[in-house]
Structure formats: C-alpha cells, structure tokens
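The structure file query.cif is reproduced below (mmCIF, C-alpha atoms and all ligand atoms).
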data_run
loop_
_atom_site.label_atom_id
_atom_site.label_comp_id
_atom_site.auth_asym_id
_atom_site.auth_seq_id
_atom_site.Cartn_x
_atom_site.Cartn_y
_atom_site.Cartn_z
CA MET B 1 35.38 -50.95 55.65
CA PRO B 2 33.02 -48.48 53.97
CA THR B 3 29.37 -49.22 54.78
CA PRO B 4 27.38 -50.24 51.69
CA LYS B 5 25.13 -47.51 50.33
CA LEU B 6 21.51 -48.12 51.27
CA THR B 7 18.82 -47.79 48.65
CA PHE B 8 15.20 -47.03 49.43
CA ARG B 9 12.62 -48.12 46.90
CA PRO B 10 9.48 -45.97 46.83
CA ALA B 11 6.18 -47.76 47.40
CA GLU B 12 4.67 -49.56 44.41
CA ARG B 13 1.75 -47.15 44.37
CA LEU B 14 4.07 -44.31 43.44
CA ALA B 15 4.87 -46.11 40.20
CA ALA B 16 1.24 -45.53 39.13
CA LEU B 17 1.98 -41.81 38.79
CA PRO B 18 3.30 -40.70 35.39
CA PRO B 19 6.45 -38.56 35.18
CA TYR B 20 5.61 -34.95 35.96
CA PHE B 21 6.05 -32.92 32.76
CA TYR B 22 6.75 -29.68 34.59
CA ALA B 23 9.61 -31.22 36.62
CA ASP B 24 11.53 -32.04 33.40
CA LEU B 25 10.59 -28.68 31.92
CA THR B 26 11.89 -26.83 34.99
CA GLN B 27 15.26 -28.56 34.57
CA ARG B 28 15.49 -27.60 30.90
CA LEU B 29 14.49 -24.02 31.72
CA ALA B 30 17.22 -23.82 34.36
CA GLN B 31 19.82 -24.94 31.76
CA LEU B 32 18.61 -22.36 29.24
CA ARG B 33 18.64 -19.65 31.90
CA VAL B 34 22.27 -20.42 32.70
CA ARG B 35 23.01 -19.96 28.98
CA GLY B 36 21.46 -16.49 29.27
CA VAL B 37 18.30 -17.19 27.26
CA ASP B 38 15.54 -14.63 27.86
CA LEU B 39 12.76 -17.05 28.83
CA ILE B 40 9.04 -16.27 28.63
CA ARG B 41 6.97 -18.91 30.43
CA LEU B 42 3.52 -19.18 28.92
CA ASP B 43 3.19 -22.76 30.15
CA ALA B 44 2.03 -22.16 33.72
CA GLY B 45 -1.27 -20.67 34.88
CA SER B 46 0.09 -18.89 37.94
CA PRO B 47 -1.45 -15.39 38.17
CA ASP B 48 1.19 -12.65 37.94
CA LEU B 49 -1.08 -9.98 39.46
CA PRO B 50 -1.38 -9.49 43.25
CA PRO B 51 -4.52 -9.72 45.39
CA ALA B 52 -6.24 -6.44 46.31
CA PRO B 53 -4.39 -4.55 49.11
CA PHE B 54 -7.29 -4.99 51.57
CA ILE B 55 -6.79 -8.77 51.42
CA VAL B 56 -3.05 -8.54 52.21
CA GLN B 57 -3.82 -6.08 55.03
CA ALA B 58 -6.33 -8.54 56.51
CA LEU B 59 -3.59 -11.20 56.49
CA GLN B 60 -1.18 -8.83 58.27
CA ARG B 61 -3.76 -7.82 60.90
CA SER B 62 -4.65 -11.41 61.65
CA ALA B 63 -0.98 -12.52 61.77
CA GLU B 64 -0.29 -9.87 64.43
CA LYS B 65 -2.71 -11.55 66.84
CA PRO B 66 -0.70 -13.70 69.29
CA ASN B 67 -3.41 -16.36 69.44
CA HIS B 68 -3.66 -16.88 65.64
CA HIS B 69 -0.66 -19.22 65.27
CA GLY B 70 -1.93 -22.56 66.51
CA TYR B 71 -3.34 -25.60 64.73
CA MET B 72 -6.57 -25.02 62.89
CA PRO B 73 -9.59 -27.24 62.31
CA TYR B 74 -8.88 -29.20 59.09
CA GLY B 75 -12.06 -28.10 57.27
CA GLY B 76 -11.51 -24.40 57.94
CA THR B 77 -12.69 -21.96 60.60
CA PRO B 78 -16.47 -21.42 60.99
CA GLU B 79 -15.94 -17.87 59.62
CA TYR B 80 -14.15 -19.18 56.51
CA ARG B 81 -16.90 -21.73 55.80
CA ALA B 82 -19.57 -19.08 56.38
CA ALA B 83 -17.80 -16.77 53.91
CA TRP B 84 -18.09 -19.43 51.20
CA ALA B 85 -21.78 -19.93 52.02
CA GLU B 86 -22.27 -16.18 51.64
CA PHE B 87 -20.35 -16.17 48.36
CA TYR B 88 -22.45 -19.01 46.91
CA GLY B 89 -25.68 -17.32 48.01
CA ARG B 90 -24.76 -13.95 46.57
CA ARG B 91 -23.12 -15.16 43.37
CA PHE B 92 -25.16 -18.22 42.40
CA GLY B 93 -28.31 -18.09 44.57
CA VAL B 94 -27.18 -21.40 46.11
CA GLU B 95 -27.90 -22.00 49.78
CA LEU B 96 -25.18 -23.91 51.63
CA ASP B 97 -25.01 -25.04 55.25
CA PRO B 98 -21.51 -23.90 56.28
CA GLN B 99 -21.09 -26.79 58.70
CA SER B 100 -22.10 -29.74 56.54
CA GLU B 101 -21.97 -28.49 52.95
CA VAL B 102 -18.63 -26.60 52.94
CA VAL B 103 -15.13 -27.99 53.56
CA GLY B 104 -12.08 -25.72 53.45
CA LEU B 105 -9.10 -27.01 51.49
CA ILE B 106 -5.36 -26.31 51.24
CA GLY B 107 -5.91 -25.24 47.63
CA SER B 108 -8.32 -27.17 45.44
CA LYS B 109 -5.55 -29.51 44.19
CA GLU B 110 -5.37 -31.05 47.65
CA GLY B 111 -9.12 -31.63 47.73
CA ILE B 112 -9.20 -33.06 44.20
CA PHE B 113 -6.59 -35.65 45.12
CA ASN B 114 -8.10 -36.48 48.51
CA LEU B 115 -11.70 -36.75 47.27
CA THR B 116 -10.49 -39.41 44.88
CA LEU B 117 -8.64 -41.27 47.64
CA ALA B 118 -11.71 -41.07 49.88
CA PHE B 119 -14.06 -42.65 47.32
CA VAL B 120 -12.34 -44.59 44.59
CA ASN B 121 -11.47 -48.25 45.08
CA PRO B 122 -9.05 -50.23 42.91
CA GLY B 123 -10.94 -51.32 39.80
CA ASP B 124 -13.52 -48.52 39.99
CA VAL B 125 -13.86 -46.29 36.97
CA ALA B 126 -13.05 -42.57 37.12
CA LEU B 127 -14.43 -40.56 34.18
CA ILE B 128 -11.89 -37.89 33.34
CA PRO B 129 -12.07 -34.96 30.89
CA ASP B 130 -9.39 -35.17 28.19
CA PRO B 131 -7.54 -32.84 27.91
CA GLY B 132 -7.79 -31.72 31.51
CA TYR B 133 -6.08 -30.72 34.73
CA ALA B 134 -3.67 -33.59 35.37
CA THR B 135 -4.55 -34.18 39.03
CA TYR B 136 -7.96 -35.76 38.19
CA ALA B 137 -6.35 -38.65 36.31
CA ASN B 138 -3.24 -38.92 38.48
CA ALA B 139 -5.22 -39.18 41.72
CA ALA B 140 -7.41 -41.86 40.15
CA LEU B 141 -4.36 -43.82 38.98
CA PHE B 142 -2.82 -43.51 42.46
CA ALA B 143 -6.05 -44.94 43.91
CA GLY B 144 -5.80 -47.91 41.53
CA ALA B 145 -8.82 -46.85 39.48
CA GLU B 146 -9.34 -47.37 35.78
CA VAL B 147 -9.17 -43.99 34.08
CA ILE B 148 -11.68 -43.64 31.25
CA TYR B 149 -11.16 -40.46 29.31
CA MET B 150 -14.02 -38.33 28.03
CA PRO B 151 -12.58 -36.57 24.96
CA LEU B 152 -13.23 -32.83 24.78
CA LEU B 153 -13.38 -32.11 21.06
CA ALA B 154 -13.74 -28.87 19.14
CA GLU B 155 -16.73 -30.28 17.22
CA ASN B 156 -18.60 -30.76 20.56
CA LYS B 157 -17.62 -27.30 21.86
CA PHE B 158 -15.17 -29.09 24.18
CA LEU B 159 -18.00 -30.72 26.18
CA PRO B 160 -17.81 -34.50 26.72
CA ASP B 161 -20.20 -36.54 24.60
CA LEU B 162 -22.17 -38.22 27.39
CA ARG B 163 -23.75 -40.65 24.94
CA ALA B 164 -20.33 -41.94 23.95
CA ILE B 165 -19.56 -43.25 27.47
CA SER B 166 -20.04 -47.04 27.41
CA SER B 167 -22.70 -48.65 29.58
CA ASP B 168 -19.96 -50.71 31.26
CA ALA B 169 -18.04 -47.54 32.15
CA LEU B 170 -21.20 -45.92 33.52
CA ARG B 171 -21.99 -49.00 35.61
CA ARG B 172 -18.50 -49.09 37.14
CA ALA B 173 -18.06 -45.32 37.46
CA LYS B 174 -17.57 -43.97 40.96
CA LEU B 175 -16.63 -40.45 40.02
CA MET B 176 -16.93 -38.10 37.05
CA TRP B 177 -14.75 -34.98 36.88
CA LEU B 178 -15.85 -31.88 35.02
CA ASN B 179 -14.25 -28.45 34.80
CA TYR B 180 -16.00 -25.37 33.36
CA PRO B 181 -14.87 -22.75 32.51
CA ASN B 182 -12.33 -25.21 31.22
CA ASN B 183 -8.59 -25.51 31.55
CA PRO B 184 -7.07 -25.83 28.93
CA THR B 185 -9.68 -25.23 26.21
CA GLY B 186 -11.32 -22.09 27.66
CA ALA B 187 -14.72 -23.67 26.88
CA VAL B 188 -17.81 -23.00 28.98
CA ALA B 189 -20.78 -25.24 29.78
CA PRO B 190 -24.47 -24.33 29.61
CA LEU B 191 -26.75 -25.22 32.51
CA GLU B 192 -28.56 -27.77 30.29
CA PHE B 193 -25.33 -29.75 30.03
CA PHE B 194 -24.99 -29.85 33.83
CA ALA B 195 -28.65 -30.97 34.07
CA GLU B 196 -27.91 -33.92 31.75
CA VAL B 197 -24.86 -34.88 33.81
CA ILE B 198 -26.86 -34.80 37.04
CA ALA B 199 -29.55 -37.05 35.53
CA LEU B 200 -26.87 -39.49 34.32
CA ALA B 201 -25.12 -39.55 37.71
CA ARG B 202 -28.41 -40.18 39.47
CA ALA B 203 -29.27 -43.02 37.08
CA HIS B 204 -25.89 -44.72 37.50
CA GLY B 205 -25.03 -43.76 41.09
CA PHE B 206 -21.75 -41.92 40.63
CA ILE B 207 -20.43 -38.67 42.13
CA VAL B 208 -20.10 -35.61 39.91
CA ALA B 209 -17.15 -33.50 40.98
CA HIS B 210 -17.16 -30.12 39.28
CA ASP B 211 -13.88 -28.27 39.52
CA ALA B 212 -14.76 -24.60 39.06
CA PRO B 213 -11.79 -22.33 39.85
CA TYR B 214 -12.40 -20.07 36.85
CA THR B 215 -16.06 -19.05 37.27
CA GLU B 216 -15.02 -15.53 38.32
CA ILE B 217 -12.66 -14.86 35.41
CA THR B 218 -15.00 -14.19 32.51
CA PHE B 219 -15.13 -11.73 29.61
CA ASP B 220 -17.49 -10.07 27.14
CA GLY B 221 -20.44 -10.14 29.58
CA TYR B 222 -20.39 -13.92 30.11
CA ARG B 223 -21.29 -15.14 33.65
CA ALA B 224 -20.37 -18.71 34.49
CA PRO B 225 -22.91 -20.84 36.38
CA SER B 226 -22.31 -23.22 39.29
CA LEU B 227 -23.25 -26.91 39.03
CA LEU B 228 -24.93 -26.48 42.42
CA GLN B 229 -27.48 -24.06 40.94
CA LEU B 230 -29.38 -26.98 39.42
CA PRO B 231 -32.16 -28.77 41.27
CA GLY B 232 -30.89 -32.09 42.63
CA ALA B 233 -27.21 -31.14 42.13
CA LYS B 234 -26.40 -31.60 45.80
CA ASP B 235 -27.78 -35.18 45.66
CA VAL B 236 -24.88 -36.26 43.45
CA GLY B 237 -22.49 -33.34 43.21
CA VAL B 238 -19.67 -31.47 44.84
CA GLU B 239 -18.00 -28.37 43.47
CA PHE B 240 -14.40 -27.30 43.99
CA HIS B 241 -13.40 -23.68 44.04
CA SER B 242 -10.27 -21.82 44.96
CA LEU B 243 -8.91 -18.39 45.74
CA SER B 244 -5.87 -19.07 43.54
CA LYS B 245 -7.30 -17.57 40.35
CA THR B 246 -10.42 -15.80 41.62
CA TYR B 247 -8.37 -13.47 43.84
CA ASN B 248 -4.79 -13.93 42.49
CA MET B 249 -3.85 -15.98 45.58
CA ALA B 250 -2.31 -19.12 44.07
CA GLY B 251 0.60 -19.29 46.52
CA TRP B 252 -1.65 -18.90 49.56
CA ARG B 253 -3.07 -22.42 49.14
CA VAL B 254 -6.69 -21.96 50.08
CA GLY B 255 -9.77 -23.44 48.45
CA VAL B 256 -13.08 -25.16 49.10
CA ALA B 257 -15.31 -28.13 48.33
CA ALA B 258 -19.06 -27.52 48.56
CA GLY B 259 -22.17 -29.60 48.00
CA ASN B 260 -23.23 -33.13 48.99
CA PRO B 261 -22.77 -33.43 52.77
CA GLU B 262 -22.18 -37.19 52.78
CA VAL B 263 -19.39 -36.87 50.24
CA LEU B 264 -17.87 -33.96 52.14
CA ARG B 265 -18.02 -35.86 55.42
CA ALA B 266 -15.83 -38.63 53.98
CA LEU B 267 -13.44 -36.08 52.46
CA GLY B 268 -13.27 -34.34 55.85
CA ARG B 269 -12.63 -37.65 57.62
CA LEU B 270 -9.66 -38.38 55.36
CA LYS B 271 -8.33 -34.84 55.72
CA GLY B 272 -8.54 -35.17 59.48
CA HIS B 273 -5.80 -37.80 59.22
CA ILE B 274 -3.67 -35.89 56.73
CA ASP B 275 -3.67 -32.18 57.47
CA THR B 276 -4.34 -29.69 60.21
CA GLY B 277 -5.89 -26.92 58.20
CA THR B 278 -4.70 -23.69 56.69
CA PHE B 279 -2.93 -20.97 58.70
CA ARG B 280 -5.59 -18.86 60.45
CA PRO B 281 -4.50 -15.47 58.98
CA ILE B 282 -4.79 -16.94 55.47
CA MET B 283 -8.32 -18.12 56.20
CA ASP B 284 -9.23 -14.75 57.74
CA ALA B 285 -7.94 -12.86 54.71
CA ALA B 286 -9.63 -15.36 52.36
CA ALA B 287 -12.95 -14.82 54.16
CA GLY B 288 -12.43 -11.07 53.73
CA ALA B 289 -11.74 -11.57 50.00
CA LEU B 290 -14.93 -13.62 49.55
CA THR B 291 -17.24 -11.28 51.44
CA GLY B 292 -15.57 -7.91 50.72
CA ASP B 293 -15.48 -5.59 47.72
CA GLN B 294 -15.42 -7.57 44.46
CA SER B 295 -15.19 -4.61 42.09
CA TRP B 296 -11.39 -4.88 41.71
CA THR B 297 -11.83 -8.26 39.99
CA ILE B 298 -13.73 -6.53 37.15
CA GLU B 299 -10.64 -4.47 36.37
CA ARG B 300 -8.45 -7.55 36.73
CA ASN B 301 -10.62 -9.45 34.23
CA GLU B 302 -10.28 -6.55 31.82
CA ILE B 303 -6.48 -7.03 31.99
CA TYR B 304 -6.87 -10.73 31.10
CA ARG B 305 -9.29 -9.79 28.31
CA GLU B 306 -6.77 -7.46 26.71
CA ARG B 307 -4.07 -10.14 26.97
CA ARG B 308 -6.42 -12.71 25.45
CA ASP B 309 -7.13 -10.44 22.48
CA VAL B 310 -3.43 -9.82 21.85
CA VAL B 311 -2.60 -13.53 21.97
CA VAL B 312 -5.55 -14.73 19.86
CA ALA B 313 -4.94 -12.09 17.18
CA ALA B 314 -1.21 -12.89 17.04
CA LEU B 315 -1.84 -16.64 16.84
CA ARG B 316 -4.28 -16.21 14.00
CA ALA B 317 -1.94 -13.85 12.17
CA ALA B 318 0.77 -16.50 12.50
CA GLY B 319 -1.53 -19.11 10.92
CA PHE B 320 -2.77 -21.01 13.98
CA GLN B 321 -6.41 -21.79 14.75
CA ALA B 322 -7.59 -20.48 18.12
CA ASP B 323 -11.04 -19.71 19.52
CA THR B 324 -11.59 -16.56 21.56
CA PRO B 325 -12.35 -17.87 25.07
CA VAL B 326 -14.97 -16.03 27.18
CA ALA B 327 -13.48 -17.31 30.44
CA ALA B 328 -10.37 -18.56 32.27
CA ILE B 329 -6.75 -17.59 31.67
CA TYR B 330 -5.74 -19.74 28.71
CA VAL B 331 -5.72 -19.76 24.95
CA TRP B 332 -5.93 -23.19 23.31
CA ALA B 333 -4.23 -23.16 19.94
CA ARG B 334 -4.40 -25.78 17.23
CA LEU B 335 -1.32 -26.78 15.27
CA PRO B 336 -1.53 -27.59 11.57
CA GLU B 337 -2.36 -31.21 10.72
CA GLY B 338 0.59 -33.53 11.31
CA VAL B 339 2.63 -31.23 13.58
CA ASP B 340 3.57 -33.00 16.82
CA ASP B 341 2.73 -30.77 19.81
CA ARG B 342 5.63 -31.94 22.01
CA ALA B 343 8.17 -31.50 19.22
CA TYR B 344 6.69 -28.08 18.43
CA ALA B 345 6.84 -26.89 22.07
CA ALA B 346 10.38 -28.23 22.56
CA GLY B 347 11.55 -26.63 19.30
CA LEU B 348 9.88 -23.32 20.11
CA LEU B 349 11.56 -23.22 23.53
CA GLU B 350 15.04 -23.97 22.15
CA ALA B 351 14.73 -21.50 19.29
CA THR B 352 12.92 -18.60 20.96
CA GLY B 353 12.92 -19.04 24.77
CA VAL B 354 9.10 -19.13 24.77
CA SER B 355 7.67 -22.01 26.79
CA VAL B 356 4.15 -23.31 26.05
CA THR B 357 2.40 -26.46 27.29
CA PRO B 358 2.08 -29.14 24.62
CA GLY B 359 -1.56 -30.30 24.52
CA SER B 360 -0.84 -34.02 24.82
CA VAL B 361 0.66 -33.42 28.29
CA LEU B 362 -2.92 -32.67 29.39
CA GLY B 363 -4.40 -35.83 27.86
CA PRO B 364 -4.38 -37.80 24.60
CA SER B 365 -7.05 -35.60 22.98
CA GLY B 366 -4.80 -32.60 23.53
CA ALA B 367 -2.44 -33.90 20.82
CA GLY B 368 -2.02 -31.35 18.05
CA TYR B 369 -2.71 -28.38 20.36
CA PHE B 370 -0.72 -26.19 22.68
CA ARG B 371 -1.80 -24.02 25.64
CA ILE B 372 -0.81 -20.46 26.39
CA ALA B 373 -1.43 -19.04 29.88
CA LEU B 374 -2.17 -15.32 30.02
CA CYS B 375 -0.04 -14.63 33.09
CA HIS B 376 2.32 -11.93 31.83
CA PRO B 377 1.91 -8.19 31.20
CA VAL B 378 0.55 -7.47 27.75
CA GLU B 379 3.87 -6.08 26.44
CA ARG B 380 5.66 -9.25 27.42
CA LEU B 381 2.95 -11.32 25.74
CA ARG B 382 3.37 -9.22 22.58
CA GLU B 383 7.09 -9.96 22.64
CA ALA B 384 6.40 -13.68 23.14
CA MET B 385 3.89 -13.74 20.29
CA GLN B 386 6.34 -12.00 17.94
CA ARG B 387 8.83 -14.76 18.66
CA VAL B 388 6.11 -17.41 18.11
CA GLY B 389 5.17 -15.75 14.81
CA ARG B 390 8.80 -15.64 13.63
CA TRP B 391 9.32 -19.29 14.52
CA GLY B 392 6.31 -20.19 12.36
CA VAL B 393 3.61 -22.83 12.32
CA GLU B 394 5.22 -25.56 10.28
CA VAL B 395 8.53 -25.76 12.11
CA GLY B 396 8.83 -28.54 14.64
CA SER B 397 7.01 -31.17 12.58
C1 LIG V 401 -8.75 -26.70 36.53
C2 LIG V 401 -7.88 -26.50 37.72
N1 LIG V 401 -8.22 -27.07 38.88
C3 LIG V 401 -7.48 -26.90 39.98
C4 LIG V 401 -6.33 -26.15 39.95
C5 LIG V 401 -5.51 -26.04 41.21
O1 LIG V 401 -5.83 -24.91 41.90
P1 LIG V 401 -5.37 -24.65 43.40
O2 LIG V 401 -4.34 -23.60 43.32
O3 LIG V 401 -6.61 -24.23 44.11
O4 LIG V 401 -4.84 -25.94 43.95
C6 LIG V 401 -5.92 -25.55 38.77
C7 LIG V 401 -4.67 -24.79 38.72
O5 LIG V 401 -4.16 -24.43 37.70
C8 LIG V 401 -6.72 -25.71 37.62
O6 LIG V 401 -6.41 -25.17 36.45
#
Would you kindly transcribe this structure into structure tokens?
Amino acid sequence: MPTPKLTFRPAERLAALPPYFYADLTQRLAQLRVRGVDLIRLDAGSPDLPPAPFIVQALQRSAEKPNHHGYMPYGGTPEYRAAWAEFYGRRFGVELDPQSEVVGLIGSKEGIFNLTLAFVNPGDVALIPDPGYATYANAALFAGAEVIYMPLLAENKFLPDLRAISSDALRRAKLMWLNYPNNPTGAVAPLEFFAEVIALARAHGFIVAHDAPYTEITFDGYRAPSLLQLPGAKDVGVEFHSLSKTYNMAGWRVGVAAGNPEVLRALGRLKGHIDTGTFRPIMDAAAGALTGDQSWTIERNEIYRERRDVVVAALRAAGFQADTPVAAIYVWARLPEGVDDRAYAAGLLEATGVSVTPGSVLGPSGAGYFRIALCHPVERLREAMQRVGRWGVEVGS
C-alpha cells in the first residue's frame, strides 16, 4: 500500500505576506532566457560594480586567520561598531556610542524586518511610505499591524504630507518608516522635514525609523543629511544604513542600525534569538571600507551620474516624464495618463526583453509609474533605452 502523501500547511502568519513580485518575474525571465531573448534587467537595484580592491583584500587577509571562523556576537564586533561610530562622526558630525547606539545587521533588510517584529503588536499602526521598499509594509503585515500608507506624490516633492495623517493613525502609530534619498522616486528630504517628523513623533510617542542606504550616492554637489544630525533625533529615531550600495557590497550582507539605545536594545535582544552575527572577515573588511579611503566612491558616483543622464534624456525623448534625481540609483518615470504600469512593464518585457519594475508593485501610489535601476554599464543602458523608445509610450495600455 502506498503511503498517503503528507501535506504541510504553512503557518497562518505567512498568509499575511503578499506574493513576491520578483519571484514571479524571475520565473518569466527564465522562460524568456530559454527562448534566447537578450534580457536587460533594469528592475533590480543590485550594484554591478565591485567594491574597491582594498576592501576585498581585507576580506582575504582576515579569512586567512585560523581563529576568524567561529560564531560572532550578533550585533557585530566592537571594531565594526566603532567603525560606524567613526563614519557617523566624520560624515554627519553625529556622535554615537558604539556599544549602545550601534547594532550591526546582516544587511539592512534583516534589521528592517526585525525592528518591526521587536516593536509592533497586532493592531498597532505602522506608517509606511508609498511607494516604498516593500519590506517596511510586509514586516508590519507579518507582525499583524495595520499598514497606513503615506502617499509620496510628485506635487509634494515625494515627501509624505504629515498633516494628512489622521489623528487616529497618529495615536495608534508605533512606527513610522522614512527613506531619503528615496527608493524608488530618487527624492531627497531637507533637514526641516526631518525636524517636523521628530516633533510629530515626540508628540505622539512613535518611533521614527529612517532607512538611509543611499546617502553616499549623490550627484551634482548634493550631500544627503542623516536624521540623527537633528537635535532630539536619538530620543525617537533610529537610522538604518548598509554597505550594499555605499560600497557596492550588496551580496556581502552587512549593515547597521544606529540611534536610540532603548530601541536598539530590543532589536538586539530579538536578534540574539535569531542570528549569530556576520562572518568576521566580512565585518573586518566592512570596517576597513567605512574608515578607509573614500575617494573611489566619488568616481563610482560619477559613473551612476552618467548613467542617470543617459536614461533621463532617453526617457524624455521617448515622451515619458522623469525628474533628474540628485541621489540613489533609480529613475522614476511617469507613464501617460491611463496607461497601466503592470501591463506596460509586462508588454515591454515580452516585446523587447527589457525588464522594469512597475510602480504599483512598490505601493498603490506607484501606479502609473515605472522604476529603472541604473545597474548596468552605460552602453547597455543606451541599448535598453533604444528598445524602450522603439516600444513607445502608449503601447501596453
Ligand atoms: C530603501 C532600501 N532599503 C533597504 C534595502 C536593503 O538593503 P540591504 O542590502 O542592506 O539589505 C534596499 C535595497 O534595495 C533599499 O532600496
């Protein structure tokens, strides 16, 4: 007698998570690849350029040490935390205590998810930028929170309208996520905006979590501030940063949360039950990246700037609306009125092999937009933009 096939139902809480857009996309891309389509993926913000050689050499040197292969403390080595404190002091004039005000992360995505789990109860409100990096909303949904979107609209320079948040939402809010320089819009936030947010958080007793992985990728002389620069920021705020984009180290999985020590203590407590830290050689090399020569990142930013200019000019020539971002690695393009962004992206992929992220995947206010990531050599981007131009603006509606 054959034994009946067992089925294992995932926990109910998993049902709170929406289907992952990129999983379906990856499947479709694999089918197209088999058909021999020359794919150009502009949908993912994974840096194509390598870290500076001195960073890779530091990894190699550390990995050669026989005693560098054991478990690590979950919040990072003292040297890694101190490197972040040095970075914040030098770059933003922010003083951080490496022990209590810095927690090392396995990439900022891990910390974003776990901060939410550490603080948000079922029924709490999480204030989420829309469009935005999907993990803010998905972690909140997983924690049973009510997600209240803060629309980022062109007419408000892609900053949330703080006055539009209802008093009920403010009363029930546990956590507000912000992200500047912004993915996907490329918008930046002035210090005055952060000051207003801090005052609001203080008045209503919620945590401000500023996700800031793009502060070091800026163009045209713009310098991005840190939330923690503002007086009183550490009373309500934590900031997330990462080596993924700053130093082209996305696959290394190494990041940080800095700021309010009480908030970080709870995050650290949760992490203590979940992970055992990042591999020591990665932390050693990351510390070297943070405290070593930064001049190579100027050249790197110049490469992104050239790519940005090529993409923005081509989009405009093709009839799309797109601002010229002064930071981050994305161009946020607006489709003509009435064109559905998912239909457009799907049609573009089938017809040309160019993959872009439809805006509504990143939140309801992203409808009618699409996002291009600048993670290909400029010649490849030119080729992609020629295909986009040939396909046209109206098709896909
Ligand atoms: C706004 C934002 N936050 C966080 C992340 C995740 O970064 P990490 O590689 O540090 O997990 C990304 C990655 O694209 C991002 O765009």
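Using all atoms listed in the file, the nearest neighbour of Ser167 of chain B within the list B:Pro364, B:Gln229, B:Thr185, B:Leu200 is B:Leu200.
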Check every protein, DNA and RNA residue against ligand LIG 401 (chain V), keep those with an atom at most 9 Å away (counting only C-alpha atoms and all ligand atoms), and present them as JSON, numbers by chain.
{"B": [44, 45, 46, 105, 106, 107, 108, 109, 110, 111, 112, 132, 133, 134, 135, 136, 178, 179, 180, 181, 182, 183, 184, 211, 212, 213, 214, 240, 241, 242, 243, 244, 245, 249, 250, 251, 252, 253, 254, 255, 256, 328, 329]}
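The shell of residues at most 12 Å from Pro53 of chain B, with only C-alpha atoms counted and near chain neighbours (fewer than 4 positions) removed, consists of Leu49, Gln57, Ala58, Leu59, Gln60, Tyr247, Asn248, Met249, Ala285, Gly288, Ala289, Gly292, Asp293 and Trp296 of chain B.
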Please report, as a tab-separated table, each residue of segment 25-144 of chain B lying at most 6 Å from segment 370-384 of chain B, together with the nearest pair of atoms and the separation in Å rounded to one decimal; use only C-alpha atoms, and order rows by chain and ascending residue number.
residue	atom	partner	partner_atom	distance
B:Leu42	CA	B:Ala373	CA	5.0
B:Asp43	CA	B:Ala373	CA	5.9
B:Gly45	CA	B:Ala373	CA	5.3
B:Pro47	CA	B:Cys375	CA	5.3
B:Asp48	CA	B:Cys375	CA	5.4
Record the distance separating atom CA of Pro19 of chain B and atom CA of Ser360 of chain B, expressed in Å with one decimal.
13.5 Å
With a distance cut-off of 6 Å and all atoms listed in the file, select the neighbouring residues of segment 215-227 of chain B, excluding the residue or stretch itself and same-chain residues fewer than 5 positions from it, and output the selection as a count of residues only.
5
